[in-house]
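Enquirer: My file is entry_35.cif. It has mmCIF, C-alpha atoms:
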data_upload
loop_
_atom_site.label_atom_id
_atom_site.label_comp_id
_atom_site.auth_asym_id
_atom_site.auth_seq_id
_atom_site.Cartn_x
_atom_site.Cartn_y
_atom_site.Cartn_z
CA MET A 281 -219.87 156.48 -46.87
CA ILE A 282 -223.16 157.00 -44.98
CA THR A 283 -224.48 160.57 -44.84
CA ILE A 284 -227.61 161.89 -43.14
CA ARG A 285 -229.61 165.03 -43.79
CA LYS A 286 -233.00 166.46 -42.88
CA TYR A 287 -235.98 166.17 -45.20
CA GLU A 288 -236.89 169.24 -47.30
CA ASP A 289 -239.99 169.95 -49.37
CA LYS A 290 -238.01 169.38 -52.56
CA ASP A 291 -237.50 165.74 -51.46
CA ARG A 292 -241.18 164.82 -51.59
CA SER A 293 -241.11 162.67 -54.74
CA LEU A 294 -237.82 161.04 -53.66
CA TRP A 295 -239.31 160.24 -50.25
CA ASP A 296 -242.61 158.86 -51.59
CA GLY A 297 -240.84 156.80 -54.23
CA PHE A 298 -238.71 155.21 -51.53
CA VAL A 299 -241.76 154.43 -49.35
CA ALA A 300 -243.42 152.71 -52.32
CA SER A 301 -240.57 150.21 -52.63
CA ALA A 302 -239.52 149.78 -48.99
CA LYS A 303 -239.92 146.43 -47.23
CA ASN A 304 -241.20 147.90 -43.95
CA ALA A 305 -243.41 150.83 -44.91
CA THR A 306 -247.14 151.49 -45.19
CA PHE A 307 -249.17 154.36 -46.64
CA LEU A 308 -248.88 156.17 -43.29
CA PHE A 309 -245.30 157.06 -44.25
CA TYR A 310 -246.22 158.92 -47.44
CA ARG A 311 -245.84 162.67 -47.08
CA GLY A 312 -249.52 163.16 -47.93
CA PHE A 313 -250.46 161.26 -44.79
CA MET A 314 -247.69 162.55 -42.52
CA GLU A 315 -248.41 166.18 -43.30
CA TYR A 316 -252.15 166.29 -42.69
CA HIS A 317 -251.34 167.41 -39.13
CA LYS A 318 -248.09 169.27 -39.85
CA ASP A 319 -249.36 172.26 -37.88
CA ARG A 320 -249.12 170.12 -34.70
CA PHE A 321 -245.61 168.76 -35.20
CA ILE A 322 -242.20 170.13 -36.13
CA ASP A 323 -240.95 167.79 -38.83
CA TYR A 324 -237.53 166.23 -38.32
CA SER A 325 -237.65 163.48 -40.92
CA LEU A 326 -234.25 162.22 -42.05
CA LEU A 327 -232.83 160.82 -45.29
CA CYS A 328 -229.88 158.42 -45.19
CA PHE A 329 -227.57 158.05 -48.19
CA ASN A 330 -224.83 155.58 -49.04
CA LYS A 331 -222.69 157.73 -51.30
CA GLU A 332 -225.48 159.39 -53.32
CA LYS A 333 -228.02 156.58 -53.13
CA LEU A 334 -230.97 156.87 -50.73
CA VAL A 335 -230.90 153.73 -48.55
CA ALA A 336 -233.13 154.59 -45.58
CA ILE A 337 -235.55 157.19 -44.23
CA LEU A 338 -236.79 158.06 -40.76
CA PRO A 339 -240.28 159.62 -40.49
CA ALA A 340 -239.90 161.88 -37.49
CA ASN A 341 -240.75 165.05 -35.59
CA VAL A 342 -238.88 166.93 -32.87
CA ASN A 343 -240.17 168.11 -29.50
CA LYS A 344 -237.63 170.11 -27.49
CA ASN A 345 -234.45 168.02 -27.67
CA ILE A 346 -236.19 164.70 -28.38
CA VAL A 347 -236.83 163.28 -31.86
CA HIS A 348 -239.86 161.00 -32.21
CA SER A 349 -240.58 158.55 -35.01
CA HIS A 350 -243.38 159.75 -35.22
CA GLN A 351 -245.79 161.18 -32.62
CA GLY A 352 -248.51 161.58 -35.22
CA LEU A 353 -248.28 158.01 -36.54
CA THR A 354 -249.28 154.64 -35.12
CA TYR A 355 -245.79 153.26 -35.68
CA GLY A 356 -242.42 154.28 -37.06
CA GLY A 357 -238.76 153.40 -37.20
CA LEU A 358 -236.03 153.25 -39.80
CA VAL A 359 -237.54 152.45 -43.21
CA ILE A 360 -235.35 150.42 -45.56
CA GLN A 361 -235.51 148.35 -48.74
CA SER A 362 -235.01 144.58 -48.86
CA LYS A 363 -231.61 145.02 -50.56
CA VAL A 364 -230.14 146.57 -47.41
CA LYS A 365 -228.16 143.90 -45.56
CA PHE A 366 -227.62 143.84 -41.82
CA GLU A 367 -224.14 145.36 -41.75
CA GLU A 368 -225.29 148.34 -43.81
CA TYR A 369 -228.35 148.74 -41.56
CA VAL A 370 -226.12 148.92 -38.48
CA LEU A 371 -223.83 151.48 -40.11
CA ILE A 372 -226.84 153.57 -41.13
CA PHE A 373 -228.23 153.51 -37.60
CA GLU A 374 -224.86 154.42 -36.12
CA GLN A 375 -224.56 157.47 -38.39
CA LEU A 376 -228.18 158.42 -37.72
CA LEU A 377 -227.58 158.50 -33.96
CA LYS A 378 -224.31 160.36 -34.47
CA PHE A 379 -226.11 162.94 -36.62
CA LEU A 380 -228.72 163.48 -33.90
CA ASP A 381 -226.07 163.65 -31.17
CA ASN A 382 -224.07 166.23 -33.14
CA ASN A 383 -227.25 168.29 -33.53
CA LYS A 384 -227.84 168.30 -29.76
CA VAL A 385 -230.71 165.80 -29.88
CA GLU A 386 -230.31 163.72 -26.74
CA GLN A 387 -232.95 161.03 -27.27
CA LEU A 388 -234.73 159.22 -30.10
CA TYR A 389 -238.15 157.70 -29.40
CA ILE A 390 -239.29 154.96 -31.77
CA LYS A 391 -242.76 153.39 -31.91
CA GLU A 392 -241.75 150.08 -33.44
CA LEU A 393 -243.47 148.81 -36.59
CA PRO A 394 -245.14 145.44 -35.79
CA SER A 395 -243.66 142.68 -37.95
CA MET A 396 -247.00 141.87 -39.61
CA TYR A 397 -246.71 145.11 -41.61
CA SER A 398 -243.37 144.18 -43.19
CA ASP A 399 -243.01 142.38 -46.50
CA GLY A 400 -240.39 140.04 -45.05
CA PRO A 401 -238.02 139.55 -42.10
CA SER A 402 -237.32 142.99 -40.66
CA ASN A 403 -236.01 142.68 -37.10
CA GLU A 404 -232.78 144.61 -37.53
CA LEU A 405 -233.98 147.33 -35.19
CA GLU A 406 -234.66 144.84 -32.41
CA TYR A 407 -231.00 143.79 -32.32
CA VAL A 408 -229.64 147.33 -32.60
CA GLN A 409 -231.85 148.48 -29.72
CA TYR A 410 -230.54 145.61 -27.59
CA LEU A 411 -226.98 146.49 -28.56
CA ILE A 412 -227.22 150.11 -27.49
CA GLY A 413 -229.31 149.56 -24.39
CA ALA A 414 -232.57 151.10 -25.61
CA GLU A 415 -235.20 151.43 -22.90
CA ASN A 416 -238.64 149.94 -23.55
CA ILE A 417 -240.85 152.71 -22.16
CA ARG A 418 -244.29 151.61 -23.36
CA VAL A 419 -246.10 148.51 -24.59
CA ASP A 420 -249.67 148.44 -25.91
CA ILE A 421 -251.62 145.23 -26.46
CA SER A 422 -253.44 144.89 -29.76
CA SER A 423 -255.63 141.96 -30.85
CA THR A 424 -254.80 140.41 -34.20
CA ILE A 425 -256.16 137.54 -36.24
CA GLU A 426 -253.48 135.68 -38.16
CA LYS A 427 -255.51 133.76 -40.71
CA SER A 428 -253.12 130.81 -40.92
CA THR A 429 -253.14 130.13 -37.17
CA SER A 430 -256.19 131.84 -35.64
CA THR A 431 -258.57 130.07 -33.30
CA SER A 432 -262.26 129.65 -34.04
CA ILE A 433 -264.88 132.32 -33.39
CA SER A 434 -266.60 132.13 -30.01
CA ARG A 435 -270.22 131.19 -29.37
CA ASP A 436 -270.98 134.74 -28.16
CA ARG A 437 -269.73 136.30 -31.40
CA ILE A 438 -271.69 133.80 -33.49
CA THR A 439 -274.80 134.59 -31.44
CA GLY A 440 -274.24 138.30 -32.07
CA TYR A 441 -273.83 137.69 -35.79
CA LYS A 442 -277.10 135.70 -35.89
CA ARG A 443 -278.81 138.53 -34.02
CA GLY A 444 -277.77 140.85 -36.83
CA VAL A 445 -279.19 138.45 -39.40
CA LYS A 446 -282.45 138.25 -37.44
CA HIS A 447 -282.76 142.05 -37.37
CA LYS A 448 -282.04 142.21 -41.12
CA LEU A 449 -279.03 144.49 -40.78
CA ARG A 450 -277.26 145.64 -43.94
CA ILE A 451 -273.59 146.46 -44.43
CA ILE A 452 -272.59 149.03 -47.03
CA GLU A 453 -269.16 150.34 -47.91
CA VAL A 454 -269.56 154.10 -48.30
CA GLU A 455 -267.39 156.94 -49.52
CA GLU A 456 -268.74 159.59 -47.16
CA MET A 457 -267.52 159.69 -43.56
CA ASP A 458 -269.97 162.24 -42.14
CA SER A 459 -272.74 159.96 -40.90
CA PHE A 460 -270.46 157.58 -38.99
CA TRP A 461 -268.41 160.41 -37.48
CA ASN A 462 -271.33 162.67 -36.55
CA GLN A 463 -274.01 160.14 -35.60
CA ILE A 464 -272.01 157.28 -34.10
CA LEU A 465 -268.31 157.81 -33.39
CA ILE A 466 -268.12 161.32 -31.93
CA PRO A 467 -271.18 160.95 -29.63
CA ASN A 468 -269.93 157.58 -28.35
CA LEU A 469 -266.40 158.75 -27.58
CA LEU A 470 -267.66 161.84 -25.81
CA ASP A 471 -270.21 159.89 -23.80
CA LYS A 472 -267.95 157.00 -22.76
CA HIS A 473 -264.47 158.48 -22.62
CA LYS A 474 -264.88 162.27 -22.80
CA VAL A 475 -262.55 162.38 -25.82
CA LYS A 476 -262.76 163.06 -29.54
CA PRO A 477 -261.46 160.91 -32.42
CA VAL A 478 -257.74 161.30 -33.16
CA HIS A 479 -258.78 162.44 -36.65
CA ASP A 480 -261.52 165.03 -36.84
CA LEU A 481 -264.06 164.76 -39.66
CA GLU A 482 -262.28 167.09 -42.05
CA GLU A 483 -258.96 165.33 -41.48
CA ILE A 484 -260.31 161.84 -42.14
CA LYS A 485 -262.13 163.07 -45.25
CA LEU A 486 -258.90 164.64 -46.50
CA LEU A 487 -256.96 161.43 -45.87
CA LYS A 488 -259.60 159.21 -47.47
CA ASN A 489 -259.54 161.44 -50.53
CA LYS A 490 -255.75 161.06 -50.74
CA PHE A 491 -255.74 157.32 -50.02
CA PRO A 492 -259.10 155.93 -51.21
CA LYS A 493 -257.78 152.37 -51.58
CA ASN A 494 -256.29 152.32 -48.10
CA ILE A 495 -258.96 154.05 -46.01
CA ARG A 496 -262.34 152.36 -46.26
CA GLN A 497 -265.58 152.99 -44.40
CA PHE A 498 -268.13 150.24 -43.68
CA ASN A 499 -271.46 151.19 -42.13
CA VAL A 500 -274.22 149.01 -40.69
CA TYR A 501 -277.85 149.97 -41.27
CA LYS A 502 -281.14 148.82 -39.82
CA GLU A 503 -283.57 149.76 -42.52
CA ASP A 504 -282.29 153.24 -43.45
CA GLU A 505 -280.72 154.19 -40.11
CA ILE A 506 -277.00 153.87 -39.44
CA VAL A 507 -276.43 151.84 -36.27
CA ALA A 508 -272.70 151.04 -36.37
CA GLY A 509 -269.56 151.22 -38.45
CA THR A 510 -265.82 150.80 -38.69
CA THR A 511 -263.04 152.67 -40.47
CA ILE A 512 -260.47 150.31 -41.96
CA PHE A 513 -256.86 151.24 -42.68
CA GLU A 514 -255.85 148.67 -45.29
CA THR A 515 -252.23 147.84 -46.09
CA LYS A 516 -250.72 145.07 -48.17
CA LYS A 517 -250.96 142.38 -45.49
CA VAL A 518 -253.16 143.91 -42.80
CA ALA A 519 -256.72 145.15 -42.46
CA HIS A 520 -256.71 147.36 -39.35
CA SER A 521 -259.84 148.67 -37.63
CA GLN A 522 -258.84 152.24 -36.90
CA TYR A 523 -262.26 153.13 -35.46
CA ILE A 524 -265.04 150.81 -34.28
CA SER A 525 -268.32 152.09 -32.87
CA GLY A 526 -272.02 151.30 -32.60
CA ASN A 527 -275.07 153.05 -31.19
CA SER A 528 -276.75 152.15 -27.90
CA ASP A 529 -278.54 149.20 -29.55
CA LYS A 530 -275.32 147.48 -30.69
CA ASN A 531 -275.78 144.57 -28.28
CA LYS A 532 -279.48 144.24 -28.99
CA PHE A 533 -278.91 144.16 -32.76
CA GLY A 534 -275.51 142.45 -32.72
CA SER A 535 -274.37 145.13 -35.15
CA LEU A 536 -270.62 145.05 -34.43
CA ASP A 537 -270.50 141.24 -34.40
CA PHE A 538 -272.44 141.17 -37.66
CA LEU A 539 -270.12 143.73 -39.25
CA HIS A 540 -266.82 142.16 -38.27
CA HIS A 541 -267.92 138.62 -39.07
CA TYR A 542 -268.60 139.89 -42.60
CA LEU A 543 -265.32 141.82 -42.89
CA ILE A 544 -263.16 138.97 -41.63
CA SER A 545 -264.87 136.17 -43.54
CA GLU A 546 -265.70 138.00 -46.77
CA VAL A 547 -264.14 141.39 -47.52
CA PHE A 548 -260.68 140.70 -46.09
CA LYS A 549 -260.63 136.91 -46.15
CA GLU A 550 -257.44 136.93 -48.27
CA LYS A 551 -255.55 139.26 -45.93
CA PRO A 552 -252.98 137.42 -43.79
CA PHE A 553 -253.86 139.62 -40.78
CA PHE A 554 -256.88 141.42 -39.36
CA ASP A 555 -255.89 143.80 -36.56
CA PHE A 556 -258.52 145.17 -34.17
CA GLY A 557 -256.16 147.73 -32.62
CA ILE A 558 -255.15 148.27 -29.00
CA SER A 559 -257.25 147.68 -25.89
CA THR A 560 -254.91 149.51 -23.51
CA GLU A 561 -255.22 152.87 -21.80
CA ASN A 562 -253.05 155.08 -19.55
CA LYS A 563 -249.91 154.62 -21.69
CA GLY A 564 -250.38 150.87 -21.87
CA MET A 565 -250.72 150.31 -18.11
CA ILE A 566 -254.44 149.45 -18.08
CA VAL A 567 -256.29 146.89 -20.21
CA ASN A 568 -259.95 147.35 -21.14
CA LYS A 569 -261.00 143.80 -20.28
CA GLY A 570 -264.43 143.91 -21.96
CA LEU A 571 -263.06 145.32 -25.22
CA LEU A 572 -260.21 142.80 -25.25
CA SER A 573 -262.61 139.90 -24.65
CA TRP A 574 -264.84 141.00 -27.54
CA LYS A 575 -261.90 141.06 -29.95
CA GLU A 576 -260.58 137.72 -28.77
CA GLY A 577 -264.01 136.26 -29.38
CA PHE A 578 -263.24 136.49 -33.12
CA GLY A 579 -260.07 134.43 -32.65
CA ALA A 580 -257.73 137.42 -32.27
CA ARG A 581 -254.72 137.07 -30.00
CA ALA A 582 -252.19 139.48 -28.51
CA THR A 583 -249.68 141.44 -30.54
CA THR A 584 -247.68 144.35 -29.21
CA TYR A 585 -246.94 147.93 -30.18
CA LYS A 586 -243.68 148.86 -28.42
CA THR A 587 -242.09 152.26 -27.84
CA TYR A 588 -238.36 152.60 -27.16
CA CYS A 589 -236.17 155.44 -25.91
CA ILE A 590 -232.65 155.54 -27.35
CA GLU A 591 -229.87 157.75 -25.98
CA THR A 592 -228.22 159.16 -29.11
CA ILE A 593 -224.79 159.27 -27.47
CA ASN A 594 -224.88 155.47 -27.52
CA HIS A 595 -223.82 155.46 -31.16
CA GLN A 596 -220.41 154.86 -29.58
CA LYS A 597 -221.49 151.31 -28.70
CA ILE A 598 -222.06 150.31 -32.32
CA SER A 599 -218.74 150.92 -34.03
CA LYS A 600 -216.85 147.78 -32.94
CA ILE A 601 -219.45 144.99 -33.04
CA PHE A 602 -218.21 143.30 -36.21
CA ILE A 603 -215.27 140.90 -36.07
#
Could you take the file, read its structure, and then write that structure out as structure tokens?
Expert:
Amino acid sequence: MITIRKYEDKDRSLWDGFVASAKNATFLFYRGFMEYHKDRFIDYSLLCFNKEKLVAILPANVNKNIVHSHQGLTYGGLVIQSKVKFEEYVLIFEQLLKFLDNNKVEQLYIKELPSMYSDGPSNELEYVQYLIGAENIRVDISSTIEKSTSTSISRDRITGYKRGVKHKLRIIEVEEMDSFWNQILIPNLLDKHKVKPVHDLEEIKLLKNKFPKNIRQFNVYKEDEIVAGTTIFETKKVAHSQYISGNSDKNKFGSLDFLHHYLISEVFKEKPFFDFGISTENKGMIVNKGLLSWKEGFGARATTYKTYCIETINHQKISKIFI
């Protein structure tokens, strides 16, 4: 009853409509977001049908004989609606692996969606990966504030916030991205890490234009000069700092403490989660201790972004689990 086929351009409205109603999807899974960098990836997104009804999708790309969900996204996995029960999920995943195996795809890599992004319980994938012997090949540590359980803000972060008040800093949400990218973010990343932002300026402007309610830019000013900022990716339950950066005076002015104190306590105070993003490098093997400590000073604690490797031939292990 379950059939799988590859995504085609004609499926765009069907795909986006499904994302809008899925229990474990965010705006990153809309085609308008996935395709901003389509020149870098060969799309291998899949649609899963029960009879003729779309019941699941897999945002994905292919690289050689490996399918990834998705190398251009922060997270991925099988996207479903809340009506899908566990037995159907397992059958879908079995047919998905069988489809990949039949098409000479040997491995499926999945960057698991953290549970805080789901509308409700959504751990089906965790069991299926255990069942088929998926290999956990990477774990990144992120720092997340869960409003209902978070610890209090540290003395250092409060001191930084007060420093910002003393220096009369101002926070403004802006539509333009140029000043933060060109004056703060790009110079800092080049100077400290010899890298560029994942999204270049034109890409982030394109994405913000497509998703103005989800991508928000907050800048900090001393008088009329920008001194810091953060780019927020906002979903239903999570405010995620995609980029955080300040100029060389950020400690003197307390600009980043001032900014995030305001965002957490005012702008996103009703959000269940505030996620600062990962503090790991070298494929998760090294932790930036200073960065992690700063985030934890706001009461954030560890959450994980996990990547799994699944051998597609292991669909054979699924068929007889139900008694």
Enquirer: Would you pick out the contacts of Asp555 of chain A at 8 Å or less, using all atoms listed in the file, so that residues sharing its chain but fewer than 6 positions from it are not included, and give the list as a ChimeraX atom specification?
Expert: /A:422-425,518-521,580
Enquirer: Please identify all polymer residues within 10 Å of segment 462-473 of chain A, counting all atoms listed in the file, omitting same-chain residues fewer than 5 positions from it, and present them as a list in words.
Expert: Met457, Asp480, Leu481, Ile506, Val507, Ala508, Gly509, Thr510, Tyr523, Ile524, Ser525, Gly526, Asn527 and Ser528 of chain A
Enquirer: Taking (-227.0, 168.0, -28.2) in the file's own coordinates, collect the residues within 12 Å, counting only C-alpha atoms, and hand them back as a short mmCIF file (atom, residue, chain, number, x, y, z; two decimals) with C-alpha atoms, keeping the file's coordinate frame.
Expert:
data_model
loop_
_atom_site.label_atom_id
_atom_site.label_comp_id
_atom_site.auth_asym_id
_atom_site.auth_seq_id
_atom_site.Cartn_x
_atom_site.Cartn_y
_atom_site.Cartn_z
CA LYS A 344 -237.63 170.11 -27.49
CA ASN A 345 -234.45 168.02 -27.67
CA ILE A 346 -236.19 164.70 -28.38
CA VAL A 347 -236.83 163.28 -31.86
CA LEU A 377 -227.58 158.50 -33.96
CA LYS A 378 -224.31 160.36 -34.47
CA PHE A 379 -226.11 162.94 -36.62
CA LEU A 380 -228.72 163.48 -33.90
CA ASP A 381 -226.07 163.65 -31.17
CA ASN A 382 -224.07 166.23 -33.14
CA ASN A 383 -227.25 168.29 -33.53
CA LYS A 384 -227.84 168.30 -29.76
CA VAL A 385 -230.71 165.80 -29.88
CA GLU A 386 -230.31 163.72 -26.74
CA GLN A 387 -232.95 161.03 -27.27
CA LEU A 388 -234.73 159.22 -30.10
CA GLU A 591 -229.87 157.75 -25.98
CA THR A 592 -228.22 159.16 -29.11
CA ILE A 593 -224.79 159.27 -27.47
#
Enquirer: For this structure, which residues satisfy the selection - the PyMOL selection byres ((chain A and resi 397) around 8) - when it is evaluated on the file as given? I want them as an mmCIF file with C-alpha atoms, in the coordinates of the input.
Expert:
data_model
loop_
_atom_site.group_PDB
_atom_site.id
_atom_site.type_symbol
_atom_site.label_atom_id
_atom_site.label_comp_id
_atom_site.auth_asym_id
_atom_site.auth_seq_id
_atom_site.Cartn_x
_atom_site.Cartn_y
_atom_site.Cartn_z
ATOM 1 C CA ASN A 304 -241.200 147.900 -43.950
ATOM 2 C CA ALA A 305 -243.410 150.830 -44.910
ATOM 3 C CA THR A 306 -247.140 151.490 -45.190
ATOM 4 C CA LEU A 393 -243.470 148.810 -36.590
ATOM 5 C CA PRO A 394 -245.140 145.440 -35.790
ATOM 6 C CA SER A 395 -243.660 142.680 -37.950
ATOM 7 C CA MET A 396 -247.000 141.870 -39.610
ATOM 8 C CA SER A 398 -243.370 144.180 -43.190
ATOM 9 C CA ASP A 399 -243.010 142.380 -46.500
ATOM 10 C CA THR A 515 -252.230 147.840 -46.090
ATOM 11 C CA LYS A 516 -250.720 145.070 -48.170
ATOM 12 C CA LYS A 517 -250.960 142.380 -45.490
ATOM 13 C CA VAL A 518 -253.160 143.910 -42.800
#
Enquirer: By how many Å are atom CA of Asn330 of chain A and atom CA of Leu371 of chain A apart?
Expert: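 Going from atom CA of Asn330 of chain A over to atom CA of Leu371 of chain A covers 9.9 Å.
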Enquirer: Identify, on the basis of all atoms listed in the file, every residue whose closest approach to segment 335-340 of chain A does not exceed 8 Å; exclude the query and any residue fewer than 2 positions from it along the same chain; express the result as number ranges by chain.
Expert: A: 295, 309, 323-330, 333, 342, 347-351, 356-361, 364, 372
Enquirer: Hey, can you check how far atom CA of Leu486 of chain A sits from atom CA of Asp296 of chain A?
Expert: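 Between atom CA of Leu486 of chain A and atom CA of Asp296 of chain A the gap works out to 18.0 Å.
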Enquirer: Taking the file as I've supplied it (selection: the PyMOL selection byres ((chain A and resi 426) around 7)), which residues are included? Please answer as number ranges by chain.
Expert: A: 424-425, 427-430, 552-554
Enquirer: Which distance in Å separates atom CA of Ile433 of chain A and atom CA of Gly577 of chain A, to one decimal?
Expert: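 Atom-to-atom, atom CA of Ile433 of chain A and atom CA of Gly577 of chain A are spaced 5.7 Å apart.
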Enquirer: Using only C-alpha atoms, find each residue of segment 572-596 of chain A with at least one atom at most 12 Å away from an atom of segment 400-407 of chain A; report its shortest atom-to-atom pair and that distance in Å (one decimal), sort the rows by chain and rising residue number, and return the result as a Markdown table.
Expert:
| residue | atom | partner | partner_atom | distance |
| --- | --- | --- | --- | --- |
| A:Lys586 | CA | A:Glu406 | CA | 10.7 |
| A:Thr587 | CA | A:Glu406 | CA | 11.5 |
| A:Tyr588 | CA | A:Glu406 | CA | 10.1 |
| A:Ile590 | CA | A:Leu405 | CA | 11.4 |
Enquirer: So what does the PyMOL selection byres ((chain A and resi 537) around 12) actually pick up in this one, as a VMD selection string?
Expert: chain A and resid 433 to 445 449 451 500 508 to 510 524 to 526 530 to 536 538 to 545 574 to 578
Enquirer: Pull C-alpha atoms from the residues just selected and write them as a compact mmCIF listing (two decimals), in the frame of the given file.
Expert:
# COMPACT_ATOMS: atom_id res chain seq x y z
CA ILE A 433 -264.88 132.32 -33.39
CA SER A 434 -266.60 132.13 -30.01
CA ARG A 435 -270.22 131.19 -29.37
CA ASP A 436 -270.98 134.74 -28.16
CA ARG A 437 -269.73 136.30 -31.40
CA ILE A 438 -271.69 133.80 -33.49
CA THR A 439 -274.80 134.59 -31.44
CA GLY A 440 -274.24 138.30 -32.07
CA TYR A 441 -273.83 137.69 -35.79
CA LYS A 442 -277.10 135.70 -35.89
CA ARG A 443 -278.81 138.53 -34.02
CA GLY A 444 -277.77 140.85 -36.83
CA VAL A 445 -279.19 138.45 -39.40
CA LEU A 449 -279.03 144.49 -40.78
CA ILE A 451 -273.59 146.46 -44.43
CA VAL A 500 -274.22 149.01 -40.69
CA ALA A 508 -272.70 151.04 -36.37
CA GLY A 509 -269.56 151.22 -38.45
CA THR A 510 -265.82 150.80 -38.69
CA ILE A 524 -265.04 150.81 -34.28
CA SER A 525 -268.32 152.09 -32.87
CA GLY A 526 -272.02 151.30 -32.60
CA LYS A 530 -275.32 147.48 -30.69
CA ASN A 531 -275.78 144.57 -28.28
CA LYS A 532 -279.48 144.24 -28.99
CA PHE A 533 -278.91 144.16 -32.76
CA GLY A 534 -275.51 142.45 -32.72
CA SER A 535 -274.37 145.13 -35.15
CA LEU A 536 -270.62 145.05 -34.43
CA PHE A 538 -272.44 141.17 -37.66
CA LEU A 539 -270.12 143.73 -39.25
CA HIS A 540 -266.82 142.16 -38.27
CA HIS A 541 -267.92 138.62 -39.07
CA TYR A 542 -268.60 139.89 -42.60
CA LEU A 543 -265.32 141.82 -42.89
CA ILE A 544 -263.16 138.97 -41.63
CA SER A 545 -264.87 136.17 -43.54
CA TRP A 574 -264.84 141.00 -27.54
CA LYS A 575 -261.90 141.06 -29.95
CA GLU A 576 -260.58 137.72 -28.77
CA GLY A 577 -264.01 136.26 -29.38
CA PHE A 578 -263.24 136.49 -33.12
Enquirer: Using only C-alpha atoms, which residue out of A:Phe321, A:Phe307, A:Val299, A:Lys551 lies closest to Lys493 of chain A?
Expert: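 Between A:Phe321, A:Phe307, A:Val299, A:Lys551, the residue approaching Lys493 of chain A most closely is A:Phe307.
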Enquirer: Would you please work out which residue, of A:His447, A:Lys485, A:Leu334, A:Cys589, is nearest to Ile390 of chain A when using only C-alpha atoms?
Expert: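 With only C-alpha atoms as the atom set, the closest residue is A:Cys589.
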Enquirer: I need the residue nearest Thr583 of chain A from this list: A:Asp291, A:Asp420, A:Glu392, A:Glu368. Use all atoms listed in the file for the distance.
Expert: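 Of A:Asp291, A:Asp420, A:Glu392, A:Glu368, the one nearest Thr583 of chain A is A:Asp420, counting all atoms listed in the file.
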Enquirer: Between A:Arg292, A:Lys286, A:Thr354, A:Lys549, which has the minimum distance to Ile322 of chain A (counting only C-alpha atoms)?
Expert: A:Lys286
Enquirer: Select, from A:Lys476, A:Arg418, A:Lys365, A:His317, the residue with the minimum atom-to-atom distance to Lys391 of chain A, counting only C-alpha atoms.
Expert: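 So, comparing all the options, the nearest one is A:Arg418.
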